[in-house]
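Trainee: Quick one: this structure, given as structure tokens, is what I'll be asking you about.
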Amino acid sequence: MSTEVEKFIIEALSNMNYDVSEVTGDTPLGPAGLDLESLSVAEVAIQVEDTYGVKFEEDEMETVALLTVAGLVKEIVDRVSAAAPAK
Amino acid sequence: MTGRTTGPAAVVTGIGTFSSLGRGAADTFDALCHGKSGLVRPPAGHLLDGSVDVAGIAPDIAAGEVLPPSEGRLVDRYALMALAAADDAMADAGLVVGRDADPHRVAVIISSGAGGLSTYEAQALARAERGPTAVSPYLLPGMLPNMAAARIAIKYGIRGWSSAIATACAAGAHAVAEAARLIRYGEADVVVCGGAEAPLNPTSALAFAHARALSHGWDDPEAASRPFDRRRNGFVLAEGAGVLVVERAEHAEARGAAGYADLLGWGATTDAYRPTAPRPDGEGAAMSMRGALATAGLGPQDIGYINAHGTSTKLGDIAETKAVHAVFGDRSPAVSSTKSMTGHLLGGSGALEAAVCALAISQGRMPPTHNLDEVDPACDLDHVRGEARQQRIEAAISNSFAFGGHNVSLLLGAASTPKKR
């Protein structure tokens, strides 16, 4: 699932007009990498929620912004797996 | 002409316009002088196709033309048009913030009646269709009515006063009046001011249509906006933007900039009457024109041209006529309405029409009112009809009157800078 989620994240960033040509799993979302502003992080979060049904709460957003692309992917996959048995 | 000025003079050194007559102030003014209409039937595929018969549709503009790629997401057309007009006005003025002006002494006031309603409508529809997660956090910076001013400030590094004034159809004129005040009271050296509106979405258009405000029943869309004409039956909804660079005259002179016209006075009043109808006697409008004369230190005899609010509604045009008579007596200055060719840009119109006045003064010619085939006897003024009138204009008034009863009159006169456009 990780590959699919990573592809989804990169595509979302590309749709938001970020240059993703050199983005890998190791690329930080923060200033050292993509330098996403807070609204962009929020936009990614809402798209993840829309597609995968997992939610990032308001107080988590700052932590999410410090992740790498792969870190965010792992976070999403873990949450999807955790939610799955309940469905 | 003897004017009284207290405080520094304010001069227009840059103009940008974006409307159904295209992008670029000089070409737009030329088109107006040649009686060219920008009004069309909304083509197939346009959001308004099927909602209204006629509209003033401005050229397409992509976010990437005026904003860096990562900032252009979900930015409403009203802000993109404002940015385009601001880009042109700044280039026209040849002014670089930081090089030619202290960033903290530069202000930006860009008004809009309603901001990005088309973007809001699209997001509301997406939410209804796809659920809560369809709503993007970018909606707010994309549609808020202050964001055109904010984005222009970000783009040009403007660090002084900034605001947006939401007074419907007087919003653009209020921005220009506020710019004149900031210069006059010594609070800024340069003000980037104007207005923008993008109302061409079905929900907004239907609201105006159901309010019985829109022109209707014309086979030829170019005939639909006919201010002061006997057969007028409403205004034509239009989109666009106008932006002026207004500068302290001595500041402009010091950097060798040329002026189009001086911003000499402003008047603003309120009807306090009905939400959408003007006072029938035009008294609020008359007081607004008198206020503009007073702040400029001029009398009625000094005014050579009035760019009327002239929307082409039954009541509005008559009330404005009464107001002009009340202020000017039997000696009506030459009058014409830009909206006969651009349609009504709502919050953008006051700024676009202030730009028209500045160009009229600088070129000594007044555009005609289009479609004024038979003057309504209740609108008996010295109308410029058929073709442009060549005439030296010492001073001109631009009127803007709005839903809500907001009235603004701007008074412009010949440029005081040694170099003139």
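Naming scheme: A, B, ... for chains in displayed order of the structure tokens; residues 1 onward per chain; ligands 1 onward as shown.
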Considering only C-alpha atoms, tabulate each residue of chain B that lies at most 6 Å from chain A along with its nearest interatomic pair and the corresponding distance in Å to one decimal; arrange the rows by chain and ascending residue number and present them as a tab-separated table.
Mentor:
residue	atom	partner	partner_atom	distance
B:Pro69	CA	A:Asn17	CA	5.3
B:Ser70	CA	A:Asn17	CA	4.9
B:Thr133	CA	A:Asp50	CA	5.3
B:Pro137	CA	A:Glu43	CA	5.9
Trainee: Quick one: residues within 10 Å of segment 80-82 of chain A, only C-alpha atoms, excluding same-chain residues fewer than 6 positions away - as a PyMOL selection string?
Mentor: chain A and resi 1+52-55+74
Trainee: Need the shell around Asp26 of chain A: protein/DNA/RNA residues with any atom at most 9 Å away, counting only C-alpha atoms. Skip same-chain ones fewer than 6 positions apart. Format as a list of chain:residue names?
Mentor: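 Here the qualifying residues turn out to be A:Thr68, A:Val69, A:Ala70, A:Gly71.
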Trainee: Taking 4 positions as the minimum chain separation for residues in the same chain, which residues sit within 8 Å of segment 86-100 of chain B when counting only C-alpha atoms? Answer as JSON, numbers by chain.
Mentor: {"B": [13, 14, 15, 16, 17, 24, 66, 82, 106, 152, 156, 157, 158, 192, 242, 243, 244, 245, 255, 257]}
Trainee: Using only C-alpha atoms, I'd like a table of the residues in segment 274-368 of chain B that come within 9 Å of segment 160-180 of chain B; for each, show the closest atom pair and its distance in Å rounded to one decimal, ordered by chain and ascending number, as a Markdown table.
Mentor:
| residue | atom | partner | partner_atom | distance |
| --- | --- | --- | --- | --- |
| B:His344 | CA | B:Cys169 | CA | 8.4 |
| B:Leu345 | CA | B:Cys169 | CA | 7.7 |
| B:Leu346 | CA | B:Cys169 | CA | 4.2 |
| B:Gly347 | CA | B:Cys169 | CA | 4.6 |
| B:Gly348 | CA | B:Gly172 | CA | 5.3 |
| B:Ser349 | CA | B:Gly172 | CA | 6.3 |
| B:Gly350 | CA | B:Ala173 | CA | 4.2 |
| B:Ala351 | CA | B:Gly172 | CA | 4.7 |
| B:Leu352 | CA | B:Gly172 | CA | 7.9 |
| B:Glu353 | CA | B:Ala173 | CA | 8.5 |
| B:Ala354 | CA | B:Ala173 | CA | 7.4 |
Trainee: Deliver the residues from the most recent selection as a file, using C-alpha atoms, as an mmCIF file, in the first residue's frame.
Mentor:
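Written out: selection_35.cif:
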data_model
loop_
_atom_site.group_PDB
_atom_site.id
_atom_site.type_symbol
_atom_site.label_atom_id
_atom_site.label_comp_id
_atom_site.auth_asym_id
_atom_site.auth_seq_id
_atom_site.Cartn_x
_atom_site.Cartn_y
_atom_site.Cartn_z
ATOM 1 C CA HIS B 344 -21.231 47.173 -14.807
ATOM 2 C CA LEU B 345 -18.083 45.901 -13.094
ATOM 3 C CA LEU B 346 -19.679 46.457 -9.663
ATOM 4 C CA GLY B 347 -16.771 46.878 -7.223
ATOM 5 C CA GLY B 348 -14.381 47.271 -10.149
ATOM 6 C CA SER B 349 -16.283 50.019 -11.942
ATOM 7 C CA GLY B 350 -15.351 53.019 -9.802
ATOM 8 C CA ALA B 351 -11.637 52.421 -10.316
ATOM 9 C CA LEU B 352 -11.954 51.703 -14.032
ATOM 10 C CA GLU B 353 -13.992 54.875 -14.462
ATOM 11 C CA ALA B 354 -11.549 56.967 -12.425
#
Trainee: Apply DSSP to the backbone of this structure and, from chain A, keep only the residues in helix (DSSP H, G or I); write these as a PyMOL selection string.
Mentor: chain A and resi 2-15+38-52+58-65+69-86
Trainee: Just how far from atom CA of Thr295 of chain B is atom CA of Tyr185 of chain B, in Å to one decimal?
Mentor: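 A separation of 12.6 Å between them.
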Trainee: Using DSSP on the backbone coordinates, identify all residues within segment 143-230 of chain B classified as strand (DSSP E); present the result as an MDAnalysis selection string.
Mentor: chainID B and resid 162:163 190:197
Trainee: Can you list, as a list in words, every protein, DNA or RNA residue that comes within 12 Å of His216 of chain B when you count only C-alpha atoms, leaving out same-chain residues fewer than 3 positions away?
Mentor: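 Listing them by chain and then by number gives Arg41, Ser51, Val52, Asp53, Val54, Ala55, Phe208, Ala209, His210, Arg212, Ala213, Asp219, Asp220, Pro221, Glu222, Ala223, Ala224, Ser225, Arg226, Arg231, Arg232, Asn233, Gly234, Phe235, Val236, Leu237, Ser312 and Thr313 of chain B.
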Trainee: Show me, as a count of residues only, the residues that have an atom within 8 Å of Asp281 of chain B when counting only C-alpha atoms, minus same-chain residues fewer than 5 positions from it.
Mentor: 3
Trainee: For Val5 of chain A, find every residue with an atom within 8 Å (counting only C-alpha atoms), except residues of its own chain fewer than 5 positions away, and show them as a list in words.
Mentor: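 Everything that qualifies: Val73, Ile76 and Val77 of chain A.
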Trainee: What does the distance from atom CA of Arg331 of chain B to atom CA of Gly299 of chain B come to in Å, to one decimal?
Mentor: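 One can read the atom CA of Arg331 of chain B to atom CA of Gly299 of chain B distance as 12.4 Å.
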